[in-house]
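Text of the file final.pdb, holding PDB, C-alpha atoms:
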MODEL        1
ATOM      1  CA  MET A 193       0.000   0.000   0.000  1.00  0.00           C
ATOM      2  CA  ALA A 194       2.870   2.357   0.832  1.00  0.00           C
ATOM      3  CA  ALA A 195       4.509   1.585  -2.519  1.00  0.00           C
ATOM      4  CA  LEU A 196       1.244   2.391  -4.333  1.00  0.00           C
ATOM      5  CA  SER A 197       0.941   5.749  -2.563  1.00  0.00           C
ATOM      6  CA  ARG A 198       4.576   6.657  -3.438  1.00  0.00           C
ATOM      7  CA  LEU A 199       3.926   5.760  -7.089  1.00  0.00           C
ATOM      8  CA  SER A 200       0.768   7.902  -7.163  1.00  0.00           C
ATOM      9  CA  ARG A 201       2.685  10.841  -5.690  1.00  0.00           C
ATOM     10  CA  LYS A 202       5.400  10.575  -8.384  1.00  0.00           C
ATOM     11  CA  VAL A 203       2.826  10.478 -11.171  1.00  0.00           C
ATOM     12  CA  LEU A 204       1.058  13.535  -9.746  1.00  0.00           C
ATOM     13  CA  ILE A 205       4.312  15.524  -9.466  1.00  0.00           C
ATOM     14  CA  SER A 206       5.353  14.667 -13.003  1.00  0.00           C
ATOM     15  CA  THR A 207       1.913  15.662 -14.296  1.00  0.00           C
ATOM     16  CA  LEU A 208       1.990  19.028 -12.532  1.00  0.00           C
ATOM     17  CA  SER A 209       5.428  19.811 -13.923  1.00  0.00           C
ATOM     18  CA  SER A 210       4.466  18.932 -17.510  1.00  0.00           C
ATOM     19  CA  PRO A 211       4.647  21.708 -20.175  1.00  0.00           C
ATOM     20  CA  SER A 212       1.010  21.259 -21.146  1.00  0.00           C
ATOM     21  CA  LEU A 213      -0.207  22.066 -17.635  1.00  0.00           C
ATOM     22  CA  ALA A 214       2.116  25.039 -17.469  1.00  0.00           C
ATOM     23  CA  ALA A 215       0.566  26.295 -20.691  1.00  0.00           C
ATOM     24  CA  VAL A 216      -2.897  25.807 -19.217  1.00  0.00           C
ATOM     25  CA  ARG A 217      -1.802  27.748 -16.159  1.00  0.00           C
ATOM     26  CA  GLY A 218      -0.530  30.513 -18.378  1.00  0.00           C
ATOM     27  CA  LEU A 219      -3.797  30.611 -20.274  1.00  0.00           C
ATOM     28  CA  SER A 220      -5.787  30.743 -17.068  1.00  0.00           C
ATOM     29  CA  THR A 221      -3.601  33.604 -15.811  1.00  0.00           C
ATOM     30  CA  ASP A 222      -4.071  35.505 -19.059  1.00  0.00           C
ATOM     31  CA  ALA A 223      -7.803  34.876 -18.888  1.00  0.00           C
ATOM     32  CA  ALA A 224      -7.880  36.250 -15.360  1.00  0.00           C
ATOM     33  CA  LYS A 225      -6.042  39.357 -16.551  1.00  0.00           C
ATOM     34  CA  VAL A 226      -8.553  39.828 -19.376  1.00  0.00           C
ATOM     35  CA  VAL A 227     -11.468  39.483 -16.957  1.00  0.00           C
ATOM     36  CA  ALA A 228      -9.882  41.970 -14.574  1.00  0.00           C
ATOM     37  CA  THR A 229      -9.312  44.421 -17.423  1.00  0.00           C
ATOM     38  CA  ALA A 230     -12.899  44.000 -18.595  1.00  0.00           C
ATOM     39  CA  ASN A 231     -14.168  44.621 -15.092  1.00  0.00           C
ATOM     40  CA  ALA A 232     -12.024  47.755 -14.845  1.00  0.00           C
ATOM     41  CA  THR A 233     -13.374  48.957 -18.197  1.00  0.00           C
ATOM     42  CA  ASP A 234     -16.930  48.330 -17.064  1.00  0.00           C
ATOM     43  CA  ARG A 235     -16.175  50.263 -13.898  1.00  0.00           C
ATOM     44  CA  VAL A 236     -14.980  53.239 -15.920  1.00  0.00           C
ATOM     45  CA  LYS A 237     -18.053  53.083 -18.159  1.00  0.00           C
ATOM     46  CA  TRP A 238     -20.306  52.866 -15.119  1.00  0.00           C
ATOM     47  CA  ASP A 239     -18.655  55.909 -13.607  1.00  0.00           C
ATOM     48  CA  TYR A 240     -19.160  57.790 -16.875  1.00  0.00           C
ATOM     49  CA  ARG A 241     -22.813  56.838 -16.922  1.00  0.00           C
ATOM     50  CA  GLY A 242     -23.285  58.521 -13.571  1.00  0.00           C
ATOM     51  CA  GLN A 243     -25.180  61.754 -13.008  1.00  0.00           C
ATOM     52  CA  ARG A 244     -24.242  64.622 -15.310  1.00  0.00           C
ATOM     53  CA  LYS A 245     -24.755  68.242 -14.362  1.00  0.00           C
ATOM     54  CA  ILE A 246     -25.266  69.609 -17.886  1.00  0.00           C
ATOM     55  CA  ILE A 247     -27.332  67.596 -20.378  1.00  0.00           C
ATOM     56  CA  PRO A 248     -27.614  69.085 -23.895  1.00  0.00           C
ATOM     57  CA  LEU A 249     -30.715  68.062 -25.833  1.00  0.00           C
ATOM     58  CA  GLY A 250     -30.399  68.537 -29.592  1.00  0.00           C
ATOM     59  CA  GLN A 251     -29.500  72.157 -30.254  1.00  0.00           C
ATOM     60  CA  TRP A 252     -30.382  73.235 -26.714  1.00  0.00           C
ATOM     61  CA  VAL A 253     -27.596  73.545 -24.145  1.00  0.00           C
ATOM     62  CA  PRO A 254     -28.227  74.822 -20.587  1.00  0.00           C
ATOM     63  CA  LYS A 255     -26.760  78.273 -19.959  1.00  0.00           C
ATOM     64  CA  ILE A 256     -25.270  79.258 -16.610  1.00  0.00           C
ATOM     65  CA  SER A 257     -24.038  82.767 -15.866  1.00  0.00           C
ATOM     66  CA  VAL A 258     -20.510  83.208 -14.578  1.00  0.00           C
ATOM     67  CA  ASP A 259     -21.522  84.339 -11.086  1.00  0.00           C
ATOM     68  CA  ALA A 260     -24.459  81.934 -10.665  1.00  0.00           C
ATOM     69  CA  TYR A 261     -24.033  79.077  -8.202  1.00  0.00           C
ATOM     70  CA  VAL A 262     -25.246  75.651  -9.318  1.00  0.00           C
ATOM     71  CA  ALA A 263     -24.553  72.796  -6.883  1.00  0.00           C
ATOM     72  CA  PRO A 264     -22.519  69.818  -8.188  1.00  0.00           C
ATOM     73  CA  ASN A 265     -25.392  67.329  -8.023  1.00  0.00           C
ATOM     74  CA  VAL A 266     -27.946  69.511  -9.814  1.00  0.00           C
ATOM     75  CA  VAL A 267     -29.250  68.370 -13.215  1.00  0.00           C
ATOM     76  CA  LEU A 268     -29.883  70.957 -15.938  1.00  0.00           C
ATOM     77  CA  ALA A 269     -31.306  69.574 -19.191  1.00  0.00           C
ATOM     78  CA  GLY A 270     -32.187  71.337 -22.422  1.00  0.00           C
ATOM     79  CA  GLN A 271     -33.590  74.878 -22.581  1.00  0.00           C
ATOM     80  CA  VAL A 272     -32.503  76.085 -19.140  1.00  0.00           C
ATOM     81  CA  THR A 273     -31.084  79.534 -18.384  1.00  0.00           C
ATOM     82  CA  VAL A 274     -29.663  80.431 -14.967  1.00  0.00           C
ATOM     83  CA  ASN A 275     -29.076  84.183 -14.835  1.00  0.00           C
ATOM     84  CA  ASP A 276     -26.699  86.407 -12.848  1.00  0.00           C
ATOM     85  CA  GLY A 277     -26.574  86.102  -9.086  1.00  0.00           C
ATOM     86  CA  SER A 278     -29.006  83.192  -8.923  1.00  0.00           C
ATOM     87  CA  SER A 279     -28.425  79.871  -7.210  1.00  0.00           C
ATOM     88  CA  VAL A 280     -29.699  76.322  -7.669  1.00  0.00           C
ATOM     89  CA  TRP A 281     -29.096  74.165  -4.644  1.00  0.00           C
ATOM     90  CA  ASN A 282     -28.334  70.490  -4.069  1.00  0.00           C
ATOM     91  CA  GLY A 283     -30.425  67.792  -5.695  1.00  0.00           C
ATOM     92  CA  SER A 284     -32.622  70.029  -7.842  1.00  0.00           C
ATOM     93  CA  VAL A 285     -33.659  69.004 -11.369  1.00  0.00           C
ATOM     94  CA  LEU A 286     -34.488  71.516 -14.090  1.00  0.00           C
ATOM     95  CA  ARG A 287     -35.892  69.772 -17.193  1.00  0.00           C
ATOM     96  CA  GLY A 288     -36.156  72.023 -20.202  1.00  0.00           C
ATOM     97  CA  ASP A 289     -36.784  69.198 -22.658  1.00  0.00           C
ATOM     98  CA  LEU A 290     -40.196  70.432 -23.853  1.00  0.00           C
ATOM     99  CA  ASN A 291     -40.044  74.182 -23.225  1.00  0.00           C
ATOM    100  CA  LYS A 292     -37.918  76.934 -21.683  1.00  0.00           C
ATOM    101  CA  ILE A 293     -37.016  77.330 -18.013  1.00  0.00           C
ATOM    102  CA  THR A 294     -35.622  80.709 -16.929  1.00  0.00           C
ATOM    103  CA  ILE A 295     -34.196  81.550 -13.503  1.00  0.00           C
ATOM    104  CA  GLY A 296     -34.038  85.323 -12.985  1.00  0.00           C
ATOM    105  CA  PHE A 297     -31.497  87.588 -11.321  1.00  0.00           C
ATOM    106  CA  CYS A 298     -30.766  86.888  -7.631  1.00  0.00           C
ATOM    107  CA  THR A 299     -33.326  84.091  -7.500  1.00  0.00           C
ATOM    108  CA  ASN A 300     -32.696  80.898  -5.535  1.00  0.00           C
ATOM    109  CA  VAL A 301     -34.059  77.398  -6.144  1.00  0.00           C
ATOM    110  CA  GLN A 302     -33.457  75.465  -2.965  1.00  0.00           C
ATOM    111  CA  GLU A 303     -32.809  71.781  -2.286  1.00  0.00           C
ATOM    112  CA  ARG A 304     -34.501  69.019  -4.311  1.00  0.00           C
ATOM    113  CA  CYS A 305     -36.847  71.198  -6.315  1.00  0.00           C
ATOM    114  CA  VAL A 306     -38.175  69.947  -9.660  1.00  0.00           C
ATOM    115  CA  LEU A 307     -38.855  72.430 -12.455  1.00  0.00           C
ATOM    116  CA  HIS A 308     -40.411  71.323 -15.740  1.00  0.00           C
ATOM    117  CA  ALA A 309     -42.218  72.890 -18.692  1.00  0.00           C
ATOM    118  CA  ALA A 310     -45.002  71.372 -20.786  1.00  0.00           C
ATOM    119  CA  TRP A 311     -45.660  71.696 -24.515  1.00  0.00           C
ATOM    120  CA  SER A 312     -48.666  73.959 -23.985  1.00  0.00           C
ATOM    121  CA  SER A 313     -50.628  75.682 -21.237  1.00  0.00           C
ATOM    122  CA  PRO A 314     -54.398  75.365 -20.597  1.00  0.00           C
ATOM    123  CA  THR A 315     -54.634  79.155 -20.246  1.00  0.00           C
ATOM    124  CA  GLY A 316     -53.243  79.810 -23.720  1.00  0.00           C
ATOM    125  CA  LEU A 317     -50.263  81.666 -22.233  1.00  0.00           C
ATOM    126  CA  PRO A 318     -46.681  80.579 -22.994  1.00  0.00           C
ATOM    127  CA  ALA A 319     -46.029  77.199 -21.388  1.00  0.00           C
ATOM    128  CA  GLU A 320     -42.469  77.977 -20.368  1.00  0.00           C
ATOM    129  CA  THR A 321     -41.483  78.118 -16.700  1.00  0.00           C
ATOM    130  CA  SER A 322     -40.441  81.685 -15.913  1.00  0.00           C
ATOM    131  CA  ILE A 323     -39.096  82.748 -12.521  1.00  0.00           C
ATOM    132  CA  GLU A 324     -38.274  86.444 -12.306  1.00  0.00           C
ATOM    133  CA  ARG A 325     -35.801  88.305 -10.077  1.00  0.00           C
ATOM    134  CA  PHE A 326     -35.549  88.156  -6.258  1.00  0.00           C
ATOM    135  CA  VAL A 327     -37.670  85.021  -5.938  1.00  0.00           C
ATOM    136  CA  THR A 328     -37.146  82.357  -3.281  1.00  0.00           C
ATOM    137  CA  ILE A 329     -38.292  78.802  -4.101  1.00  0.00           C
ATOM    138  CA  GLY A 330     -38.440  76.645  -0.981  1.00  0.00           C
ATOM    139  CA  GLY A 331     -37.016  73.140  -0.941  1.00  0.00           C
ATOM    140  CA  TYR A 332     -38.888  70.105  -2.359  1.00  0.00           C
ATOM    141  CA  SER A 333     -41.180  72.277  -4.483  1.00  0.00           C
ATOM    142  CA  LEU A 334     -42.588  71.262  -7.878  1.00  0.00           C
ATOM    143  CA  LEU A 335     -43.079  73.899 -10.565  1.00  0.00           C
ATOM    144  CA  ARG A 336     -44.496  73.092 -14.000  1.00  0.00           C
ATOM    145  CA  SER A 337     -45.141  75.657 -16.764  1.00  0.00           C
ATOM    146  CA  CYS A 338     -45.842  78.453 -14.299  1.00  0.00           C
ATOM    147  CA  THR A 339     -44.873  82.125 -14.066  1.00  0.00           C
ATOM    148  CA  ILE A 340     -43.560  83.772 -10.917  1.00  0.00           C
ATOM    149  CA  GLU A 341     -43.166  87.528 -11.049  1.00  0.00           C
ATOM    150  CA  PRO A 342     -40.448  89.487  -9.166  1.00  0.00           C
ATOM    151  CA  GLU A 343     -40.095  89.451  -5.379  1.00  0.00           C
ATOM    152  CA  CYS A 344     -42.095  86.381  -4.364  1.00  0.00           C
ATOM    153  CA  ILE A 345     -41.633  83.573  -1.852  1.00  0.00           C
ATOM    154  CA  ILE A 346     -42.746  80.018  -2.618  1.00  0.00           C
ATOM    155  CA  GLY A 347     -42.839  77.917   0.546  1.00  0.00           C
ATOM    156  CA  GLN A 348     -41.344  74.448   0.904  1.00  0.00           C
ATOM    157  CA  HIS A 349     -43.165  71.447  -0.624  1.00  0.00           C
ATOM    158  CA  SER A 350     -45.358  73.709  -2.756  1.00  0.00           C
ATOM    159  CA  ILE A 351     -46.786  72.619  -6.117  1.00  0.00           C
ATOM    160  CA  LEU A 352     -47.531  75.038  -8.951  1.00  0.00           C
ATOM    161  CA  MET A 353     -49.340  73.465 -11.913  1.00  0.00           C
ATOM    162  CA  GLU A 354     -49.587  74.448 -15.592  1.00  0.00           C
ATOM    163  CA  GLY A 355     -50.585  78.014 -16.338  1.00  0.00           C
ATOM    164  CA  SER A 356     -50.499  79.208 -12.717  1.00  0.00           C
ATOM    165  CA  LEU A 357     -49.354  82.773 -12.083  1.00  0.00           C
ATOM    166  CA  VAL A 358     -47.908  84.293  -8.917  1.00  0.00           C
ATOM    167  CA  GLU A 359     -47.874  88.074  -9.215  1.00  0.00           C
ATOM    168  CA  THR A 360     -45.214  90.324  -7.729  1.00  0.00           C
ATOM    169  CA  GLN A 361     -44.671  90.686  -3.965  1.00  0.00           C
ATOM    170  CA  SER A 362     -46.749  87.643  -3.026  1.00  0.00           C
ATOM    171  CA  ILE A 363     -46.097  84.757  -0.638  1.00  0.00           C
ATOM    172  CA  LEU A 364     -47.224  81.152  -0.970  1.00  0.00           C
ATOM    173  CA  GLU A 365     -47.178  79.224   2.293  1.00  0.00           C
ATOM    174  CA  ALA A 366     -45.394  75.877   2.653  1.00  0.00           C
ATOM    175  CA  GLY A 367     -47.261  72.857   1.307  1.00  0.00           C
ATOM    176  CA  SER A 368     -49.584  74.881  -0.906  1.00  0.00           C
ATOM    177  CA  VAL A 369     -50.961  73.550  -4.196  1.00  0.00           C
ATOM    178  CA  VAL A 370     -51.807  76.028  -6.941  1.00  0.00           C
ATOM    179  CA  PRO A 371     -54.183  74.413  -9.510  1.00  0.00           C
ATOM    180  CA  PRO A 372     -53.758  74.914 -13.275  1.00  0.00           C
ATOM    181  CA  GLY A 373     -54.585  78.423 -14.426  1.00  0.00           C
ATOM    182  CA  ARG A 374     -54.900  79.884 -10.905  1.00  0.00           C
ATOM    183  CA  ARG A 375     -53.679  83.477 -10.358  1.00  0.00           C
ATOM    184  CA  ILE A 376     -52.330  84.777  -7.067  1.00  0.00           C
ATOM    185  CA  PRO A 377     -52.754  88.581  -7.042  1.00  0.00           C
ATOM    186  CA  THR A 378     -50.126  91.109  -6.016  1.00  0.00           C
ATOM    187  CA  GLY A 379     -49.342  91.594  -2.334  1.00  0.00           C
ATOM    188  CA  GLU A 380     -51.305  88.628  -0.969  1.00  0.00           C
ATOM    189  CA  LEU A 381     -50.594  85.581   1.205  1.00  0.00           C
ATOM    190  CA  TRP A 382     -52.088  82.286  -0.023  1.00  0.00           C
ATOM    191  CA  ALA A 383     -52.028  78.821   1.532  1.00  0.00           C
ATOM    192  CA  GLY A 384     -53.651  75.397   1.447  1.00  0.00           C
ATOM    193  CA  ASN A 385     -54.571  72.640  -0.993  1.00  0.00           C
ATOM    194  CA  PRO A 386     -55.917  74.047  -3.206  1.00  0.00           C
ATOM    195  CA  ALA A 387     -54.341  77.417  -2.394  1.00  0.00           C
ATOM    196  CA  ARG A 388     -56.737  80.047  -1.027  1.00  0.00           C
ATOM    197  CA  PHE A 389     -56.451  83.682  -0.038  1.00  0.00           C
ATOM    198  CA  VAL A 390     -55.394  84.194   3.596  1.00  0.00           C
ATOM    199  CA  ARG A 391     -54.703  87.922   3.947  1.00  0.00           C
ATOM    200  CA  SER A 392     -52.970  90.898   2.389  1.00  0.00           C
ATOM    201  CA  LEU A 393     -49.285  91.444   3.120  1.00  0.00           C
ATOM    202  CA  THR A 394     -48.095  94.449   5.077  1.00  0.00           C
ATOM    203  CA  HIS A 395     -45.619  96.908   3.635  1.00  0.00           C
ATOM    204  CA  GLU A 396     -42.915  95.632   5.964  1.00  0.00           C
ATOM    205  CA  GLU A 397     -43.456  92.044   4.807  1.00  0.00           C
ATOM    206  CA  THR A 398     -43.121  93.002   1.137  1.00  0.00           C
ATOM    207  CA  LEU A 399     -39.826  94.766   1.909  1.00  0.00           C
ATOM    208  CA  GLU A 400     -38.439  91.594   3.498  1.00  0.00           C
ATOM    209  CA  ILE A 401     -38.999  89.460   0.368  1.00  0.00           C
ATOM    210  CA  PRO A 402     -36.038  90.778  -1.693  1.00  0.00           C
ATOM    211  CA  LYS A 403     -33.864  90.914   1.431  1.00  0.00           C
ATOM    212  CA  LEU A 404     -34.298  87.154   1.861  1.00  0.00           C
ATOM    213  CA  ALA A 405     -33.240  86.537  -1.745  1.00  0.00           C
ATOM    214  CA  VAL A 406     -30.157  88.738  -1.317  1.00  0.00           C
ATOM    215  CA  ALA A 407     -29.214  86.947   1.922  1.00  0.00           C
ATOM    216  CA  ILE A 408     -29.364  83.545   0.215  1.00  0.00           C
ATOM    217  CA  ASN A 409     -27.340  84.944  -2.678  1.00  0.00           C
ATOM    218  CA  ASP A 410     -24.639  86.066  -0.218  1.00  0.00           C
ATOM    219  CA  LEU A 411     -24.682  82.595   1.349  1.00  0.00           C
ATOM    220  CA  SER A 412     -24.225  80.946  -2.050  1.00  0.00           C
ATOM    221  CA  LYS A 413     -20.982  82.893  -2.586  1.00  0.00           C
ATOM    222  CA  SER A 414     -19.321  80.977   0.261  1.00  0.00           C
ATOM    223  CA  TYR A 415     -20.276  77.723  -1.498  1.00  0.00           C
ATOM    224  CA  PHE A 416     -19.249  79.057  -4.897  1.00  0.00           C
ATOM    225  CA  SER A 417     -15.725  79.807  -3.655  1.00  0.00           C
ATOM    226  CA  GLU A 418     -15.223  76.106  -2.836  1.00  0.00           C
ATOM    227  CA  PHE A 419     -15.310  75.115  -6.528  1.00  0.00           C
ATOM    228  CA  LEU A 420     -12.918  76.029  -9.301  1.00  0.00           C
ATOM    229  CA  PRO A 421     -14.701  78.069 -11.980  1.00  0.00           C
ATOM    230  CA  TYR A 422     -13.512  75.842 -14.823  1.00  0.00           C
ATOM    231  CA  SER A 423     -13.630  72.459 -13.043  1.00  0.00           C
ATOM    232  CA  THR A 424     -10.613  70.128 -12.679  1.00  0.00           C
ATOM    233  CA  VAL A 425     -10.613  68.634 -16.161  1.00  0.00           C
ATOM    234  CA  TYR A 426      -7.292  70.346 -16.901  1.00  0.00           C
ATOM    235  CA  LEU A 427      -5.611  68.077 -14.339  1.00  0.00           C
ATOM    236  CA  GLU A 428      -6.632  65.002 -16.313  1.00  0.00           C
ATOM    237  CA  VAL A 429      -5.360  66.637 -19.514  1.00  0.00           C
ATOM    238  CA  GLU A 430      -1.998  67.283 -17.870  1.00  0.00           C
ATOM    239  CA  LYS A 431      -1.763  63.638 -16.782  1.00  0.00           C
ATOM    240  CA  LEU A 432      -2.561  62.486 -20.320  1.00  0.00           C
ATOM    241  CA  LYS A 433       0.119  64.770 -21.787  1.00  0.00           C
ATOM    242  CA  LYS A 434       2.689  63.468 -19.325  1.00  0.00           C
ATOM    243  CA  SER A 435       1.864  59.860 -20.203  1.00  0.00           C
ATOM    244  CA  PHE A 436       2.582  60.603 -23.886  1.00  0.00           C
ATOM    245  CA  GLY A 437       5.671  62.662 -23.140  1.00  0.00           C
ATOM    246  CA  ILE A 438       4.107  65.895 -24.382  1.00  0.00           C
ATOM    247  CA  PRO A 439       5.548  69.001 -22.704  1.00  0.00           C
ATOM    248  CA  ILE A 440       3.020  70.999 -20.728  1.00  0.00           C
TER     249      ILE A 440
ENDMDL
END
When written as C-alpha cells, how does the structure in this file appear?
Amino acid sequence: MAALSRLSRKVLISTLSSPSLAAVRGLSTDAAKVVATANATDRVKWDYRGQRKIIPLGQWVPKISVDAYVAPNVVLAGQVTVNDGSSVWNGSVLRGDLNKITIGFCTNVQERCVLHAAWSSPTGLPAETSIERFVTIGGYSLLRSCTIEPECIIGQHSILMEGSLVETQSILEAGSVVPPGRRIPTGELWAGNPARFVRSLTHEETLEIPKLAVAINDLSKSYFSEFLPYSTVYLEVEKLKKSFGIPI
C-alpha cells in the first residue's frame, strides 16, 4: 500500500510539472487578466454613466451665468437659463426638454426642487417656466409651466401646476398647491390645498422678500468659492500629456 501511494505521488508531481499544464496555467492567468481588465473597463463606463450636471438636448444647451451658483449634483437639461446672481441648490432638477425654463437675477431654487415645462398651457399663455428676479423657491417644491413675477416667496413642498401665475410681492405658504390656471394677485398671502387667499401682506413684509433673496445669494458665494470656476478637467489633460511625453 505504501509503494502504491509513493507511485501515485510521483505520477502527480510529473503531471503538474508537464509543459502542457504550465501552458494551461498561463492561459488561465491571461484569462484572469482579461477578466480583470474588462471589469475595470466596465467600472470606468459605469462611472461615466453617472449623473451629469449639464445635459444638452439637440440644439439646446443649458446656460449658466458666470456668477451663478449651481450645486454639483444639480441636473440641468435642455432649454434652461440660470441668470446672474441666482443659485440652484443640491439635488434640484431643471428639465427644459419640452419648453424653456428661466431663472431670474438673484433668485434661488433650494434643495430638491423639480422644475419642468409642458408643450402647452391650458390658459393659452406661454407654457415655459419663468421665474423672475428676487424670488425664493423653498425646498422640495414642484413647478411646472408656471410664471412667478419678481419678489415672491414660494414655501417648501409647494406645487404650482400648468398656467399658474404668482404676481409680484406675493407669498405662498409651505405645502400649498396652486391648480392649473390659478392666479395669485399682487401683495397677498395664499395657503392650502388648493391654495386660497389668507390675507394681504403688510408693507414691511413686502420689503423683506427681496432681502431674503439677497441673503441667500450672499450665502451661495461661500459655497461658490469652494469650486474652481472651470472644473478640474485640466488636471486630467496634464496627466494624459505626461503619459505621452508631451511638454506641458
Produce the centre coordinates and the three edge lengths, each in Å to one decimal, of the box along x, y and z that contains all listed atoms of range 267-281 of chain A with 8 Å added on each side, as JSON.
{"center_x": -30.1, "center_y": 77.4, "center_z": -13.6, "size_x": 23.0, "size_y": 34.0, "size_z": 33.9}
Of the listed residues A:Pro248, A:Pro314, A:Pro342, A:Gly283, that which approaches Gly379 in chain A most closely, counting only C-alpha atoms: A:Pro342
With only C-alpha atoms as the counted atoms, please give the residues lying no more than 12 Å from Gly316 in chain A, apart from itself and same-chain residues fewer than 5 positions off, as a short mmCIF file (atom, residue, chain, number, x, y, z; two decimals) with C-alpha atoms, in the coordinates of the input.
data_model
loop_
_atom_site.label_atom_id
_atom_site.label_comp_id
_atom_site.auth_asym_id
_atom_site.auth_seq_id
_atom_site.Cartn_x
_atom_site.Cartn_y
_atom_site.Cartn_z
CA TRP A 311 -45.66 71.70 -24.52
CA SER A 337 -45.14 75.66 -16.76
CA GLU A 354 -49.59 74.45 -15.59
CA GLY A 355 -50.58 78.01 -16.34
CA SER A 356 -50.50 79.21 -12.72
CA PRO A 372 -53.76 74.91 -13.28
CA GLY A 373 -54.58 78.42 -14.43
#
Contacts of Ile256 in chain A at 9 Å (only C-alpha atoms; same-chain gap of 2+ positions) as an mmCIF file with C-alpha atoms, in the coordinates of the input:
data_model
loop_
_atom_site.group_PDB
_atom_site.id
_atom_site.type_symbol
_atom_site.label_atom_id
_atom_site.label_comp_id
_atom_site.auth_asym_id
_atom_site.auth_seq_id
_atom_site.Cartn_x
_atom_site.Cartn_y
_atom_site.Cartn_z
ATOM 1 C CA PRO A 254 -28.227 74.822 -20.587
ATOM 2 C CA VAL A 258 -20.510 83.208 -14.578
ATOM 3 C CA ASP A 259 -21.522 84.339 -11.086
ATOM 4 C CA ALA A 260 -24.459 81.934 -10.665
ATOM 5 C CA TYR A 261 -24.033 79.077 -8.202
ATOM 6 C CA VAL A 262 -25.246 75.651 -9.318
ATOM 7 C CA VAL A 272 -32.503 76.085 -19.140
ATOM 8 C CA THR A 273 -31.084 79.534 -18.384
ATOM 9 C CA VAL A 274 -29.663 80.431 -14.967
ATOM 10 C CA ASN A 275 -29.076 84.183 -14.835
ATOM 11 C CA ASP A 276 -26.699 86.407 -12.848
#
So which residues touch Gly367 in chain A within 8 Å, counting all atoms listed in the file, skipping near sequence neighbours fewer than 2 positions away, as number ranges by chain? A: 347-351, 365, 369, 383-385
File dump, residues just selected, C-alpha atoms, as a JSON list (two decimals), keeping the file's coordinate frame:
[["chain", "number", "residue", "atom", "x", "y", "z"],
["A", 347, "GLY", "CA", -42.84, 77.92, 0.55],
["A", 348, "GLN", "CA", -41.34, 74.45, 0.90],
["A", 349, "HIS", "CA", -43.16, 71.45, -0.62],
["A", 350, "SER", "CA", -45.36, 73.71, -2.76],
["A", 351, "ILE", "CA", -46.79, 72.62, -6.12],
["A", 365, "GLU", "CA", -47.18, 79.22, 2.29],
["A", 369, "VAL", "CA", -50.96, 73.55, -4.20],
["A", 383, "ALA", "CA", -52.03, 78.82, 1.53],
["A", 384, "GLY", "CA", -53.65, 75.40, 1.45],
["A", 385, "ASN", "CA", -54.57, 72.64, -0.99]]
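Note on the selection: in this file the PyMOL selection byres ((chain A and resi 331) around 6) comes out as Gln302, Glu303, Arg304, Cys305, Gly330, Tyr332, Ser333 and Gln348 of chain A.
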Can you spit out the residues from that selection as a PDB file, in the frame of the given file, using C-alpha atoms?
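Heads up, here's the output in result_17.pdb:
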ATOM      1  CA  GLN A 302     -33.457  75.465  -2.965  1.00  0.00           C
ATOM      2  CA  GLU A 303     -32.809  71.781  -2.286  1.00  0.00           C
ATOM      3  CA  ARG A 304     -34.501  69.019  -4.311  1.00  0.00           C
ATOM      4  CA  CYS A 305     -36.847  71.198  -6.315  1.00  0.00           C
ATOM      5  CA  GLY A 330     -38.440  76.645  -0.981  1.00  0.00           C
ATOM      6  CA  TYR A 332     -38.888  70.105  -2.359  1.00  0.00           C
ATOM      7  CA  SER A 333     -41.180  72.277  -4.483  1.00  0.00           C
ATOM      8  CA  GLN A 348     -41.344  74.448   0.904  1.00  0.00           C
TER       9      GLN A 348
END
